file query-v8.txt (compact mmCIF, C-alpha atoms)
# COMPACT_ATOMS: atom_id res chain seq x y z
CA MET A 596 205.15 223.23 220.78
CA SER A 597 203.53 223.04 224.22
CA PRO A 598 203.21 219.63 225.94
CA SER A 599 199.45 219.61 225.51
CA LEU A 600 199.71 220.44 221.82
CA ARG A 601 202.26 217.66 221.40
CA GLU A 602 199.96 215.27 223.26
CA GLU A 603 197.07 216.28 221.04
CA ARG A 604 199.08 215.70 217.89
CA LYS A 605 200.09 212.26 219.13
CA ILE A 606 196.47 211.32 219.73
CA ARG A 607 195.54 212.59 216.27
CA THR A 608 198.35 210.67 214.58
CA SER A 609 197.42 207.48 216.43
CA ALA A 610 193.76 207.88 215.44
CA THR A 611 194.71 208.51 211.79
CA ILE A 612 196.79 205.33 211.68
CA ALA A 613 194.07 203.27 213.39
CA ALA A 614 191.43 204.59 210.98
CA ALA A 615 193.60 203.76 207.96
CA ALA A 616 194.16 200.27 209.36
CA LEU A 617 190.46 199.63 209.88
CA ASP A 618 189.68 200.85 206.35
CA LEU A 619 192.24 198.49 204.84
CA PHE A 620 191.33 195.52 207.06
CA ALA A 621 187.62 195.93 206.32
CA ALA A 622 188.23 196.28 202.58
CA ARG A 623 190.74 193.51 202.00
CA GLY A 624 190.69 191.27 205.07
CA TYR A 625 192.89 191.46 208.16
CA ALA A 626 195.33 188.75 207.09
CA ALA A 627 195.95 190.21 203.63
CA VAL A 628 197.06 193.66 204.82
CA THR A 629 200.63 194.41 205.92
CA VAL A 630 201.72 196.94 208.51
CA ALA A 631 203.73 198.69 205.77
CA GLU A 632 200.53 199.16 203.77
CA VAL A 633 198.78 200.65 206.80
CA ALA A 634 201.68 203.07 207.33
CA ALA A 635 201.57 204.11 203.67
CA ALA A 636 197.81 204.63 203.76
CA ALA A 637 198.17 206.79 206.89
CA ARG A 638 201.07 208.70 205.28
CA VAL A 639 203.52 207.91 208.06
CA GLY A 640 206.72 205.90 208.10
CA GLU A 641 206.67 202.35 209.40
CA ARG A 642 208.94 203.35 212.28
CA THR A 643 206.49 206.06 213.29
CA LEU A 644 203.66 203.53 213.24
CA TYR A 645 205.61 201.25 215.55
CA ARG A 646 206.09 204.11 217.99
CA TYR A 647 202.32 204.10 218.45
CA PHE A 648 201.43 200.43 217.99
CA ALA A 649 203.36 197.39 219.20
CA ASP A 650 202.08 195.14 216.42
CA LYS A 651 199.42 194.70 213.75
CA GLU A 652 196.83 193.45 216.25
CA ASP A 653 197.31 196.59 218.33
CA LEU A 654 196.03 198.68 215.42
CA LEU A 655 192.53 197.41 216.24
CA PHE A 656 192.70 198.12 219.95
CA ALA A 657 194.08 201.65 219.87
CA GLU A 658 191.30 203.13 221.96
CA ASP A 659 191.27 200.51 224.72
CA ASP A 660 193.20 202.48 227.30
CA GLY A 661 191.02 205.49 226.61
CA TRP A 662 187.78 203.52 227.07
CA ARG A 663 189.03 202.00 230.30
CA ALA A 664 190.09 205.40 231.64
CA SER A 665 186.71 206.93 230.79
CA LEU A 666 184.85 204.01 232.42
CA ARG A 667 186.89 204.48 235.58
CA ALA A 668 186.37 208.24 235.53
CA ALA A 669 182.63 207.81 235.00
CA ILE A 670 182.42 205.56 238.08
CA GLU A 671 184.36 208.02 240.18
CA GLN A 672 182.18 210.90 239.08
CA GLU A 673 178.86 209.33 240.04
CA PRO A 674 177.42 211.05 243.14
CA ALA A 675 178.27 209.47 246.48
CA GLY A 676 175.53 207.25 247.85
CA GLU A 677 174.24 206.08 244.45
CA PRO A 678 173.30 202.37 244.45
CA PRO A 679 176.16 200.29 242.95
CA PHE A 680 174.25 199.11 239.91
CA THR A 681 173.11 202.67 239.15
CA VAL A 682 176.77 203.68 239.18
CA LEU A 683 177.69 201.01 236.63
CA ARG A 684 174.67 201.76 234.47
CA GLY A 685 175.86 205.35 234.41
CA ALA A 686 179.35 204.30 233.36
CA ALA A 687 177.98 202.06 230.60
CA ALA A 688 175.78 204.89 229.37
CA THR A 689 178.87 207.13 229.15
CA LEU A 690 180.56 204.58 226.92
CA ALA A 691 177.40 204.25 224.83
CA ARG A 692 177.27 208.02 224.30
CA ALA A 693 180.88 208.03 223.12
CA LEU A 694 180.09 205.40 220.48
CA GLU A 695 176.70 206.73 219.41
CA ASP A 696 177.91 208.59 216.30
CA ARG A 697 180.31 205.88 215.20
CA ARG A 698 177.99 203.01 214.36
CA GLU A 699 179.38 202.13 210.92
CA GLU A 700 182.92 202.21 212.25
CA VAL A 701 182.00 200.03 215.26
CA ARG A 702 180.24 197.61 212.92
CA ARG A 703 183.25 197.29 210.60
CA HIS A 704 185.51 196.94 213.62
CA GLY A 705 183.36 194.08 214.92
CA GLU A 706 183.41 192.37 211.54
CA VAL A 707 187.20 192.49 211.35
CA ILE A 708 187.48 191.23 214.95
CA ALA A 709 185.15 188.33 214.16
CA SER A 710 187.25 187.36 211.14
CA ALA A 711 190.25 186.07 213.13
CA PRO A 712 190.23 183.90 216.27
CA ALA A 713 193.21 185.76 217.77
CA LEU A 714 191.36 189.08 217.45
CA ALA A 715 188.17 187.63 218.92
CA ALA A 716 190.22 186.30 221.82
CA ARG A 717 191.70 189.71 222.46
CA GLU A 718 188.25 191.29 222.28
CA ARG A 719 187.04 188.85 224.95
CA ALA A 720 190.09 189.67 227.09
CA LYS A 721 189.26 193.36 226.67
CA HIS A 722 185.75 192.81 227.96
CA ALA A 723 187.08 190.77 230.88
CA ALA A 724 189.34 193.73 231.72
CA TRP A 725 186.30 196.01 231.61
CA GLU A 726 184.50 193.72 234.04
CA ALA A 727 187.48 193.91 236.40
CA ASP A 728 187.66 197.71 236.03
CA LEU A 729 184.00 198.12 236.84
CA ALA A 730 184.34 195.83 239.86
CA GLU A 731 187.40 197.73 241.10
CA GLY A 732 185.62 201.02 240.66
CA LEU A 733 182.77 199.79 242.87
CA CYS A 734 185.18 198.38 245.46
CA ALA A 735 186.80 201.81 245.69
CA ARG A 736 183.32 203.14 246.56
CA GLY A 737 183.03 200.62 249.39
CA VAL A 738 181.05 197.85 247.66
CA ALA A 739 181.94 194.27 248.72
CA ALA A 740 184.18 192.44 246.25
CA GLY A 741 181.72 189.65 245.35
CA GLU A 742 178.82 192.00 244.69
CA ALA A 743 181.13 194.32 242.73
CA ARG A 744 182.37 191.48 240.52
CA LEU A 745 178.88 190.22 239.80
CA LEU A 746 177.62 193.70 238.91
CA GLY A 747 180.66 194.26 236.69
CA ARG A 748 179.96 191.06 234.78
CA ILE A 749 176.25 191.80 234.47
CA THR A 750 176.87 195.33 233.23
CA VAL A 751 179.30 194.16 230.52
CA ALA A 752 176.84 191.39 229.54
CA CYS A 753 174.10 194.01 229.07
CA PHE A 754 176.46 196.34 227.20
CA ASP A 755 177.63 193.56 224.85
CA GLU A 756 174.08 192.54 224.11
CA ALA A 757 173.02 196.16 223.56
CA LEU A 758 175.93 196.57 221.14
CA THR A 759 174.96 193.39 219.26
CA ARG A 760 171.37 194.58 218.87
CA TRP A 761 172.40 198.10 217.88
CA LEU A 762 174.68 196.78 215.12
CA ALA A 763 172.22 194.13 213.92
CA GLN A 764 169.59 196.61 212.77
CA ASP A 765 169.47 197.83 209.19
CA GLY A 766 168.11 201.20 208.22
CA PRO A 767 166.43 203.27 210.95
CA HIS A 768 167.57 202.04 214.32
CA ARG A 769 167.40 202.73 218.02
CA THR A 770 170.36 204.46 219.65
CA LEU A 771 172.92 202.41 221.56
CA GLY A 772 171.76 204.21 224.69
CA ALA A 773 168.19 203.05 224.05
CA GLU A 774 169.36 199.47 223.46
CA LEU A 775 171.32 199.63 226.70
CA ASP A 776 168.27 200.88 228.62
CA ALA A 777 166.21 198.08 227.06
CA ALA A 778 168.74 195.41 228.10
CA PHE A 779 168.80 196.73 231.66
CA ALA A 780 165.02 196.85 231.71
CA GLU A 781 164.83 193.18 230.61
CA LEU A 782 167.15 192.35 233.44
CA GLY A 783 164.84 194.14 235.83
CA ALA A 784 161.88 192.16 234.53
CA LEU A 785 163.61 188.90 235.51
CA ALA A 786 163.16 189.61 239.18
CA THR A 787 159.96 187.76 239.79
CA MET B 131 184.04 143.88 223.55
CA SER B 132 180.63 145.51 222.99
CA PRO B 133 180.48 149.02 221.52
CA SER B 134 179.21 150.48 224.79
CA LEU B 135 181.99 148.81 226.79
CA ARG B 136 184.53 150.13 224.31
CA GLU B 137 183.02 153.60 224.61
CA GLU B 138 183.17 153.38 228.40
CA ARG B 139 186.79 152.38 228.32
CA LYS B 140 187.62 155.27 226.03
CA ILE B 141 185.98 157.73 228.41
CA ARG B 142 187.89 156.21 231.33
CA THR B 143 191.22 156.37 229.51
CA SER B 144 190.62 159.98 228.52
CA ALA B 145 189.71 160.90 232.12
CA THR B 146 192.81 159.13 233.46
CA ILE B 147 195.07 161.05 231.10
CA ALA B 148 193.37 164.38 231.89
CA ALA B 149 193.68 163.75 235.64
CA ALA B 150 197.37 162.88 235.32
CA ALA B 151 197.91 166.04 233.29
CA LEU B 152 196.18 168.26 235.86
CA ASP B 153 198.23 166.69 238.68
CA LEU B 154 201.48 167.38 236.86
CA PHE B 155 200.52 170.87 235.69
CA ALA B 156 199.40 171.85 239.20
CA ALA B 157 202.53 170.43 240.81
CA ARG B 158 205.18 171.70 238.42
CA GLY B 159 203.61 174.41 236.30
CA TYR B 160 201.95 174.06 232.90
CA ALA B 161 204.95 175.21 230.86
CA ALA B 162 207.41 172.86 232.57
CA VAL B 163 205.50 169.63 231.84
CA THR B 164 205.82 167.76 228.52
CA VAL B 165 203.14 165.68 226.85
CA ALA B 166 205.48 162.68 227.11
CA GLU B 167 205.56 163.12 230.89
CA VAL B 168 201.78 163.22 231.02
CA ALA B 169 201.57 160.03 228.97
CA ALA B 170 204.08 158.31 231.25
CA ALA B 171 202.20 159.40 234.38
CA ALA B 172 198.93 158.08 232.91
CA ARG B 173 200.69 154.84 231.88
CA VAL B 174 199.79 155.18 228.22
CA GLY B 175 201.94 155.64 225.14
CA GLU B 176 202.31 159.10 223.66
CA ARG B 177 200.53 157.94 220.50
CA THR B 178 197.57 156.80 222.58
CA LEU B 179 197.45 160.18 224.27
CA TYR B 180 197.33 161.93 220.91
CA ARG B 181 194.39 159.75 219.88
CA TYR B 182 192.42 161.44 222.66
CA PHE B 183 193.92 164.94 222.77
CA ALA B 184 195.00 167.11 219.85
CA ASP B 185 197.63 168.97 221.88
CA LYS B 186 198.83 169.83 225.35
CA GLU B 187 196.24 172.58 225.82
CA ASP B 188 193.49 170.10 225.03
CA LEU B 189 194.42 168.11 228.13
CA LEU B 190 192.83 170.85 230.23
CA PHE B 191 189.60 171.03 228.25
CA ALA B 192 188.78 167.34 228.01
CA GLU B 193 185.31 167.67 229.48
CA ASP B 194 184.16 170.63 227.42
CA ASP B 195 182.07 168.72 224.93
CA GLY B 196 180.47 166.79 227.77
CA TRP B 197 179.54 169.96 229.68
CA ARG B 198 178.08 171.53 226.59
CA ALA B 199 176.04 168.43 225.80
CA SER B 200 174.68 168.28 229.34
CA LEU B 201 173.78 171.98 229.28
CA ARG B 202 171.89 171.46 226.04
CA ALA B 203 170.16 168.36 227.38
CA ALA B 204 169.21 170.17 230.60
CA ILE B 205 167.56 172.94 228.59
CA GLU B 206 165.64 170.46 226.46
CA GLN B 207 164.43 168.56 229.49
CA GLU B 208 162.90 171.54 231.29
CA PRO B 209 159.10 171.35 231.19
CA ALA B 210 157.37 173.18 228.35
CA GLY B 211 156.06 176.60 229.30
CA GLU B 212 158.74 177.34 231.90
CA PRO B 213 159.87 181.00 231.79
CA PRO B 214 163.14 181.30 229.79
CA PHE B 215 165.28 182.41 232.69
CA THR B 216 163.97 179.57 234.86
CA VAL B 217 165.07 177.17 232.11
CA LEU B 218 168.61 178.56 232.11
CA ARG B 219 168.80 178.64 235.89
CA GLY B 220 167.86 174.96 235.83
CA ALA B 221 170.60 174.21 233.31
CA ALA B 222 173.18 176.11 235.37
CA ALA B 223 172.09 174.22 238.48
CA THR B 224 172.64 170.92 236.62
CA LEU B 225 176.20 171.96 235.85
CA ALA B 226 176.71 173.06 239.45
CA ARG B 227 175.54 169.67 240.75
CA ALA B 228 177.99 167.88 238.45
CA LEU B 229 180.88 169.92 239.90
CA GLU B 230 179.78 169.89 243.53
CA ASP B 231 182.05 167.03 244.67
CA ARG B 232 185.05 168.17 242.67
CA ARG B 233 185.94 171.45 244.33
CA GLU B 234 189.66 170.86 244.84
CA GLU B 235 190.04 169.64 241.27
CA VAL B 236 188.12 172.64 239.91
CA ARG B 237 190.26 174.96 242.02
CA ARG B 238 193.53 173.46 240.77
CA HIS B 239 192.20 173.55 237.21
CA GLY B 240 191.40 177.25 237.61
CA GLU B 241 194.86 177.96 238.97
CA VAL B 242 196.55 176.23 236.03
CA ILE B 243 194.28 178.08 233.57
CA ALA B 244 195.13 181.41 235.20
CA SER B 245 198.86 180.70 234.91
CA ALA B 246 199.03 181.05 231.10
CA PRO B 247 197.38 183.72 228.92
CA ALA B 248 196.64 181.20 226.14
CA LEU B 249 194.76 178.96 228.57
CA ALA B 250 192.84 181.89 230.04
CA ALA B 251 191.89 182.91 226.50
CA ARG B 252 190.59 179.42 225.75
CA GLU B 253 188.64 179.42 229.02
CA ARG B 254 186.99 182.68 227.98
CA ALA B 255 186.20 181.22 224.56
CA LYS B 256 184.66 178.22 226.33
CA HIS B 257 182.38 180.45 228.34
CA ALA B 258 181.40 182.38 225.21
CA ALA B 259 180.46 179.04 223.64
CA TRP B 260 178.31 178.24 226.68
CA GLU B 261 176.55 181.57 226.29
CA ALA B 262 175.81 180.73 222.67
CA ASP B 263 174.62 177.22 223.59
CA LEU B 264 172.25 178.55 226.22
CA ALA B 265 170.89 181.13 223.79
CA GLU B 266 170.40 178.51 221.09
CA GLY B 267 168.65 176.23 223.54
CA LEU B 268 166.19 179.00 224.36
CA CYS B 269 165.68 179.87 220.69
CA ALA B 270 164.76 176.23 220.07
CA ARG B 271 162.05 176.70 222.72
CA GLY B 272 160.68 179.71 220.85
CA VAL B 273 162.38 182.56 222.72
CA ALA B 274 163.35 185.59 220.59
CA ALA B 275 167.05 185.71 219.68
CA GLY B 276 167.90 188.95 221.49
CA GLU B 277 166.26 187.92 224.75
CA ALA B 278 167.84 184.45 224.49
CA ARG B 279 171.33 185.93 224.00
CA LEU B 280 170.97 188.32 226.92
CA LEU B 281 169.73 185.56 229.23
CA GLY B 282 172.58 183.29 228.10
CA ARG B 283 175.14 185.96 228.93
CA ILE B 284 173.53 186.76 232.29
CA THR B 285 173.37 183.10 233.28
CA VAL B 286 177.04 182.49 232.49
CA ALA B 287 177.94 185.71 234.36
CA CYS B 288 176.10 184.42 237.45
CA PHE B 289 177.64 180.96 237.09
CA ASP B 290 181.18 182.38 236.75
CA GLU B 291 180.71 184.57 239.79
CA ALA B 292 179.25 181.68 241.81
CA LEU B 293 182.24 179.56 240.84
CA THR B 294 184.66 182.32 241.87
CA ARG B 295 182.99 182.66 245.27
CA TRP B 296 182.78 178.90 245.80
CA LEU B 297 186.50 178.47 245.13
CA ALA B 298 187.53 181.53 247.15
CA GLN B 299 186.33 180.15 250.47
CA ASP B 300 188.69 178.30 252.77
CA GLY B 301 187.52 175.66 255.19
CA PRO B 302 183.76 175.18 255.58
CA HIS B 303 182.00 176.58 252.57
CA ARG B 304 178.66 176.91 250.87
CA THR B 305 177.86 174.57 248.01
CA LEU B 306 178.25 175.77 244.42
CA GLY B 307 174.48 175.37 244.10
CA ALA B 308 173.97 177.72 247.06
CA GLU B 309 176.41 180.24 245.59
CA LEU B 310 174.54 180.06 242.30
CA ASP B 311 171.21 180.67 244.02
CA ALA B 312 172.76 183.61 245.87
CA ALA B 313 174.07 185.17 242.65
CA PHE B 314 170.66 184.81 240.97
CA ALA B 315 169.00 186.28 244.06
CA GLU B 316 171.32 189.32 243.94
CA LEU B 317 170.34 189.77 240.33
CA GLY B 318 166.70 189.70 241.35
CA ALA B 319 167.33 192.36 243.98
CA LEU B 320 168.60 194.75 241.27
CA ALA B 321 165.16 195.16 239.83
CA THR B 322 164.13 198.23 241.72

call {"tool": "encode", "arguments": {"input": "query-v8.txt", "output": "structure tokens"}}
result
Amino acid sequence: MSPSLREERKIRTSATIAAAALDLFAARGYAAVTVAEVAAAARVGERTLYRYFADKEDLLFAEDDGWRASLRAAIEQEPAGEPPFTVLRGAAATLARALEDRREEVRRHGEVIASAPALAARERAKHAAWEADLAEGLCARGVAAGEARLLGRITVACFDEALTRWLAQDGPHRTLGAELDAAFAELGALAT
Amino acid sequence: MSPSLREERKIRTSATIAAAALDLFAARGYAAVTVAEVAAAARVGERTLYRYFADKEDLLFAEDDGWRASLRAAIEQEPAGEPPFTVLRGAAATLARALEDRREEVRRHGEVIASAPALAARERAKHAAWEADLAEGLCARGVAAGEARLLGRITVACFDEALTRWLAQDGPHRTLGAELDAAFAELGALAT
């Protein structure tokens, strides 16, 4: 098996386990589900599961590294000379596009996260790491540290709010991208 | 002793214990200090300390309820008809004024918080609670929930960044209020 095929299979296995975990957590509650049950549902051994995930909590944050890498890549790929906030809006829009078809999954994920203080704490830490990533990405493009930090925080604030609104709607709903644009537009309207 | 005198004494005792705790934590590291040592430094018994603080972590978040109450009060006291963001800027400025003379203490507090992941997590939870308080305060003034949440998040983002900049300066420095105004002004400049 070639290295890239092996890599692909690893990503698929990890995603299968994470999906099985979310299904079980959403159905029966995070606390009530054991790691052994997740492994069984994903049809892997417990030892295999632990090769991919350090602990039960990790099962809900499988994609973190991937999101952070794609945020960083999106910032790097914006054309040189773009205004800093435009760069971050572009990065946030990239993330929004990646989530657009996964609304029910994102909603269930959020519900499980909200059900346990330790998970909510880790979710907040994740968003703080995003803020830092966005700021670092801008600094690498020559933006001053203070401005970069503020824009990173503002961008994550708008993204979080867009996500909240996107998930709150029942039935027909606006896209996450549209909610994100709306949040940024409201921000723009504040400048009076 | 009258009820108000008793209340005053309780607040003073609590502040004395919290100050002793911060001194010890800053000098010797959070993990290395015991609750008994804090009690001894504050010249109270350990049982007295536990009447004021549920646990060691609590010693660093003594003023939380007070800050939240003053944020809520500041929002209520803004004149009717003020634009929502002006209301929150006013509330943030109230908080900034209350901290203005306590820069070294706030800096040491921040350093202790940053030294332990559990404390950093609680600090993030505290800021999330502020966001919710600000949003609720706006909702009570008739602002729509989504707009109120976004403005709450944005205001805390600006306040956090102002605090970071205020603490980062050595020697002569701008006031926290000035840093807050600057952060809000940068936000305004984004609307292009």

call {"tool": "atom_distance", "arguments": {"input": "query-v8.txt", "atom1": "atom CA of Glu212 of chain B", "atom2": "atom CA of Leu745 of chain A"}}
result
25.2 Å

call {"tool": "closest_residue", "arguments": {"input": "query-v8.txt", "among": "A:Ala784, A:Ile708, A:Val682, A:Leu654", "to": "Thr629 of chain A", "atoms": "all atoms listed in the file"}}
result
A:Leu654

call {"tool": "residues_around", "arguments": {"input": "query-v8.txt", "residues": "segment 311-313 of chain B", "least_positions_apart": "5", "cutoff": "12 Å", "atoms": "all atoms listed in the file", "output": "JSON, numbers by chain"}}
result
{"A": [741, 742, 743, 744, 745, 746, 748, 749], "B": [216, 219, 220, 222, 223, 226, 284, 285, 286, 287, 288, 289, 290, 291, 292, 293, 294, 295, 296, 304, 305, 306, 318, 319, 320]}

call {"tool": "write_last_selection", "arguments": {"input": "query-v8.txt", "atoms": "C-alpha atoms", "output": "tab-separated table (two decimals), keeping the file's coordinate frame"}}
result
chain	number	residue	atom	x	y	z
A	741	GLY	CA	181.72	189.65	245.35
A	742	GLU	CA	178.82	192.00	244.69
A	743	ALA	CA	181.13	194.32	242.73
A	744	ARG	CA	182.37	191.48	240.52
A	745	LEU	CA	178.88	190.22	239.80
A	746	LEU	CA	177.62	193.70	238.91
A	748	ARG	CA	179.96	191.06	234.78
A	749	ILE	CA	176.25	191.80	234.47
B	216	THR	CA	163.97	179.57	234.86
B	219	ARG	CA	168.80	178.64	235.89
B	220	GLY	CA	167.86	174.96	235.83
B	222	ALA	CA	173.18	176.11	235.37
B	223	ALA	CA	172.09	174.22	238.48
B	226	ALA	CA	176.71	173.06	239.45
B	284	ILE	CA	173.53	186.76	232.29
B	285	THR	CA	173.37	183.10	233.28
B	286	VAL	CA	177.04	182.49	232.49
B	287	ALA	CA	177.94	185.71	234.36
B	288	CYS	CA	176.10	184.42	237.45
B	289	PHE	CA	177.64	180.96	237.09
B	290	ASP	CA	181.18	182.38	236.75
B	291	GLU	CA	180.71	184.57	239.79
B	292	ALA	CA	179.25	181.68	241.81
B	293	LEU	CA	182.24	179.56	240.84
B	294	THR	CA	184.66	182.32	241.87
B	295	ARG	CA	182.99	182.66	245.27
B	296	TRP	CA	182.78	178.90	245.80
B	304	ARG	CA	178.66	176.91	250.87
B	305	THR	CA	177.86	174.57	248.01
B	306	LEU	CA	178.25	175.77	244.42
B	318	GLY	CA	166.70	189.70	241.35
B	319	ALA	CA	167.33	192.36	243.98
B	320	LEU	CA	168.60	194.75	241.27

call {"tool": "atom_distance", "arguments": {"input": "query-v8.txt", "atom1": "atom CA of Ala740 of chain A", "atom2": "atom CA of Val242 of chain B"}}
result
22.8 Å

call {"tool": "axis_aligned_box", "arguments": {"input": "query-v8.txt", "around": "segment 736-740 of chain A", "padding_each_side": "3 Å", "output": "lines of an AutoDock Vina configuration file"}}
result
center_x = 182.6
center_y = 197.8
center_z = 247.8
size_x = 9.1
size_y = 16.7
size_z = 9.1

call {"tool": "closest_residue", "arguments": {"input": "query-v8.txt", "among": "A:Gly624, A:Pro679, A:Gly661, A:Gly705", "to": "chain B", "atoms": "all atoms listed in the file"}}
result
A:Pro679

call {"tool": "atom_distance", "arguments": {"input": "query-v8.txt", "atom1": "atom CA of Arg638 of chain A", "atom2": "atom CA of Leu619 of chain A"}}
result
13.5 Å

call {"tool": "closest_residue", "arguments": {"input": "query-v8.txt", "among": "B:Ala221, B:Ala150, B:Ala228, B:Ala244", "to": "Ala265 of chain B", "atoms": "all atoms listed in the file"}}
result
B:Ala221

call {"tool": "residues_around", "arguments": {"input": "query-v8.txt", "residues": "Thr178 of chain B", "least_positions_apart": "6", "cutoff": "12 Å", "atoms": "all atoms listed in the file", "output": "MDAnalysis selection string"}}
result
chainID B and resid 140 143:144 147 165:166 168:170 172 184

call {"tool": "closest_residue", "arguments": {"input": "query-v8.txt", "among": "A:His768, A:Lys721, A:Arg736, A:His704", "to": "chain B", "atoms": "all atoms listed in the file"}}
result
A:Lys721

call {"tool": "closest_residue", "arguments": {"input": "query-v8.txt", "among": "B:Ala162, B:Ala210, B:Leu310, B:Val236", "to": "chain A", "atoms": "all atoms listed in the file"}}
result
B:Leu310

call {"tool": "closest_residue", "arguments": {"input": "query-v8.txt", "among": "B:Asp263, B:Asp300, B:Asp188, B:Glu253", "to": "chain A", "atoms": "all atoms listed in the file"}}
result
B:Glu253

call {"tool": "residues_near_point", "arguments": {"input": "query-v8.txt", "point": "(193.9, 183.3, 225.5)", "cutoff": "9 Å", "atoms": "all atoms listed in the file", "output": "list in words"}}
result
Ala713, Ala716, Arg717, Arg719 and Ala720 of chain A; Ala246, Pro247, Ala248, Leu249, Ala250, Ala251, Arg252, Glu253, Arg254 and Ala255 of chain B

call {"tool": "write_last_selection", "arguments": {"input": "query-v8.txt", "atoms": "C-alpha atoms", "output": "compact mmCIF listing (two decimals), in the frame of the given file"}}
result
# COMPACT_ATOMS: atom_id res chain seq x y z
CA ALA A 713 193.21 185.76 217.77
CA ALA A 716 190.22 186.30 221.82
CA ARG A 717 191.70 189.71 222.46
CA ARG A 719 187.04 188.85 224.95
CA ALA A 720 190.09 189.67 227.09
CA ALA B 246 199.03 181.05 231.10
CA PRO B 247 197.38 183.72 228.92
CA ALA B 248 196.64 181.20 226.14
CA LEU B 249 194.76 178.96 228.57
CA ALA B 250 192.84 181.89 230.04
CA ALA B 251 191.89 182.91 226.50
CA ARG B 252 190.59 179.42 225.75
CA GLU B 253 188.64 179.42 229.02
CA ARG B 254 186.99 182.68 227.98
CA ALA B 255 186.20 181.22 224.56

call {"tool": "build_atoms", "arguments": {"input": "query-v8.txt", "residues": "segment 674-685 of chain A", "atoms": "N, CA and C atoms", "output": "tab-separated table (two decimals), in the coordinates of the input"}}
result
chain	number	residue	atom	x	y	z
A	674	PRO	N	177.59	210.48	241.80
A	674	PRO	CA	177.42	211.05	243.14
A	674	PRO	C	177.59	209.98	244.22
A	675	ALA	N	178.14	210.38	245.35
A	675	ALA	CA	178.27	209.47	246.48
A	675	ALA	C	176.88	209.00	246.90
A	676	GLY	N	176.80	207.75	247.35
A	676	GLY	CA	175.53	207.25	247.85
A	676	GLY	C	174.63	206.64	246.79
A	677	GLU	N	175.03	206.74	245.51
A	677	GLU	CA	174.24	206.08	244.45
A	677	GLU	C	174.31	204.56	244.64
A	678	PRO	N	173.22	203.83	244.38
A	678	PRO	CA	173.30	202.37	244.45
A	678	PRO	C	174.33	201.84	243.45
A	679	PRO	N	175.06	200.77	243.80
A	679	PRO	CA	176.16	200.29	242.95
A	679	PRO	C	175.77	200.03	241.50
A	680	PHE	N	174.61	199.43	241.29
A	680	PHE	CA	174.25	199.11	239.91
A	680	PHE	C	173.92	200.37	239.13
A	681	THR	N	173.37	201.37	239.80
A	681	THR	CA	173.11	202.67	239.15
A	681	THR	C	174.43	203.29	238.69
A	682	VAL	N	175.44	203.16	239.52
A	682	VAL	CA	176.77	203.68	239.18
A	682	VAL	C	177.28	203.03	237.89
A	683	LEU	N	177.18	201.70	237.82
A	683	LEU	CA	177.69	201.01	236.63
A	683	LEU	C	176.83	201.28	235.40
A	684	ARG	N	175.53	201.41	235.61
A	684	ARG	CA	174.67	201.76	234.47
A	684	ARG	C	175.08	203.12	233.93
A	685	GLY	N	175.40	204.03	234.82
A	685	GLY	CA	175.86	205.35	234.41
A	685	GLY	C	177.14	205.28	233.60
